[in-house]
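Student: Before anything else, here's the structure in question.
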Amino acid sequence: MGSEASELIEFHITGFRKFHLVPENPTEILVGKIEEYSRKHGMAPGTQLGSCTVLETAGDVKLGGGSLSVPPKRIVWVHLGVNIASNNFSVERRAVNEATFGCSDELGWQPQRVPIVPEDGPTSFIRETTLPIRDIVSALSKEGFNVMESYDAGRFVCNYVYYHSLRHAQVSGVKSLFVHVPSFHFINQECQLEFIAALLKVLAMFC
């Protein structure tokens, strides 16, 4: 468990902009503030932030930075999305090769029961993260966070992005994780920033 002391772990964090019924996406705010928060409170030794990117809430998005190549360090993608119906954090174990959008994305696309990557086969095909989700959730729970393991990232853009990220991770050897956060109505901004900082420290133990 853990990485060698000489090997740097670089985190690339993404969130999303507004979308249908969510005029202000908390993940956009969190991604915009996590770099400053990390500078102020520190990160685990041997880790750094590589990028903090806010994505359009649309299927046709491109992941840049560490997703395009594999530098001589450990790359971990941490994708954040919001679940406005939840009052806790959900660490997603897997993504499904299915795009069924309950509403149009921000570019007007609303696919129904179509494979995200047709060459991967049917819409029932699943990709799972190689990270130890149960151990991650357990460690965060011990820190006092209301967090759970999830087997269903939905069928909207969150699942779409996670599926592509996991697919790339399998090919390139990077790590990928998706976490759904609640709205600030349930858990305020400061507590959510504390959670993300704790998540990065826990991930450093298992990467």
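By convention here, the chains of the structure tokens are called A, B, ... in the order presented, each chain's residues are numbered starting at 1, and ligands are numbered starting at 1 in the order presented.
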Per residue of region 153-206 of chain A within 8 Å of region 118-136 of chain A, what are the shortest atom pair and its distance in Å to one decimal, counting only C-alpha atoms, with rows by chain and residue number, as CSV?

Tutor:
residue,atom,partner,partner_atom,distance
A:Tyr163,CA,A:Arg127,CA,6.7
A:Leu166,CA,A:Thr129,CA,6.4
A:Arg167,CA,A:Arg127,CA,7.2
A:Lys175,CA,A:Thr130,CA,7.0
A:Ser176,CA,A:Thr129,CA,6.3
A:Leu177,CA,A:Thr129,CA,6.5
A:Leu199,CA,A:Ile136,CA,7.9
A:Val202,CA,A:Ile136,CA,6.5
A:Leu203,CA,A:Ile136,CA,7.1
A:Phe206,CA,A:Leu131,CA,7.2

Student: List the neighbours of Arg17 (chain A) out to 8 Å using only C-alpha atoms; skip same-chain residues closer than 5 positions along the sequence, and give me the result as a ChimeraX atom specification.

Tutor: /A:24-25,27-28,54-57

Student: Write out as a PyMOL selection string which residues come within 10 Å of Tyr160 (chain A) when counting only C-alpha atoms, dropping same-chain ones fewer than 5 positions away.

Tutor: chain A and resi 58-61+95-101+115-117+153-155+165

Student: Write the residues you've just listed into a file as a CSV table (one decimal), in the first residue's frame, and include N, CA, C and O atoms for each of them.

Tutor:
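The new file again35.csv reads:
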chain,number,residue,atom,x,y,z
A,58,ALA,N,-21.5,18.5,-20.4
A,58,ALA,CA,-21.9,18.0,-21.7
A,58,ALA,C,-21.1,16.8,-22.0
A,58,ALA,O,-20.0,16.6,-21.5
A,59,GLY,N,-21.7,15.9,-22.8
A,59,GLY,CA,-21.0,14.7,-23.2
A,59,GLY,C,-19.8,14.9,-24.0
A,59,GLY,O,-18.8,14.2,-23.9
A,60,ASP,N,-19.8,16.0,-24.8
A,60,ASP,CA,-18.6,16.3,-25.7
A,60,ASP,C,-17.6,17.1,-25.0
A,60,ASP,O,-17.4,18.3,-25.3
A,61,VAL,N,-17.0,16.5,-23.9
A,61,VAL,CA,-15.9,17.2,-23.2
A,61,VAL,C,-14.6,16.5,-23.4
A,61,VAL,O,-14.6,15.3,-23.6
A,95,ALA,N,-18.4,2.8,-13.7
A,95,ALA,CA,-19.2,3.6,-14.7
A,95,ALA,C,-19.7,2.6,-15.8
A,95,ALA,O,-19.1,1.5,-16.0
A,96,VAL,N,-20.9,2.9,-16.4
A,96,VAL,CA,-21.5,2.0,-17.3
A,96,VAL,C,-21.5,2.6,-18.7
A,96,VAL,O,-21.6,3.8,-18.9
A,97,ASN,N,-21.3,1.7,-19.7
A,97,ASN,CA,-21.2,2.1,-21.1
A,97,ASN,C,-22.6,2.5,-21.7
A,97,ASN,O,-23.0,2.1,-22.7
A,98,GLU,N,-23.3,3.4,-20.9
A,98,GLU,CA,-24.6,3.8,-21.4
A,98,GLU,C,-24.8,5.3,-21.1
A,98,GLU,O,-24.6,5.8,-20.0
A,99,ALA,N,-25.3,6.0,-22.2
A,99,ALA,CA,-25.7,7.4,-22.1
A,99,ALA,C,-27.2,7.5,-22.2
A,99,ALA,O,-27.7,7.2,-23.3
A,100,THR,N,-27.9,7.8,-21.1
A,100,THR,CA,-29.3,8.0,-21.2
A,100,THR,C,-29.5,9.3,-20.3
A,100,THR,O,-29.6,9.2,-19.1
A,101,PHE,N,-29.6,10.4,-21.0
A,101,PHE,CA,-29.7,11.7,-20.3
A,101,PHE,C,-31.1,12.0,-20.0
A,101,PHE,O,-31.9,12.1,-20.9
A,115,PRO,N,-24.6,3.4,-26.4
A,115,PRO,CA,-23.3,3.1,-25.8
A,115,PRO,C,-22.4,4.4,-25.8
A,115,PRO,O,-22.4,5.1,-26.8
A,116,ILE,N,-21.7,4.6,-24.8
A,116,ILE,CA,-20.8,5.7,-24.7
A,116,ILE,C,-19.6,5.5,-25.7
A,116,ILE,O,-19.2,6.4,-26.4
A,117,VAL,N,-19.1,4.3,-25.7
A,117,VAL,CA,-18.1,3.8,-26.6
A,117,VAL,C,-18.6,2.6,-27.3
A,117,VAL,O,-18.5,1.5,-26.8
A,153,ALA,N,-23.3,5.6,-10.8
A,153,ALA,CA,-22.9,7.0,-11.1
A,153,ALA,C,-24.0,7.6,-12.0
A,153,ALA,O,-23.8,8.8,-12.4
A,154,GLY,N,-25.1,7.0,-12.1
A,154,GLY,CA,-26.2,7.5,-13.0
A,154,GLY,C,-25.9,7.2,-14.5
A,154,GLY,O,-25.1,6.4,-14.8
A,155,ARG,N,-26.6,7.9,-15.3
A,155,ARG,CA,-26.5,7.8,-16.8
A,155,ARG,C,-26.3,9.1,-17.5
A,155,ARG,O,-26.4,9.2,-18.7
A,165,SER,N,-12.9,8.3,-18.6
A,165,SER,CA,-11.7,8.4,-17.7
A,165,SER,C,-11.2,7.1,-17.4
A,165,SER,O,-10.0,6.8,-17.4
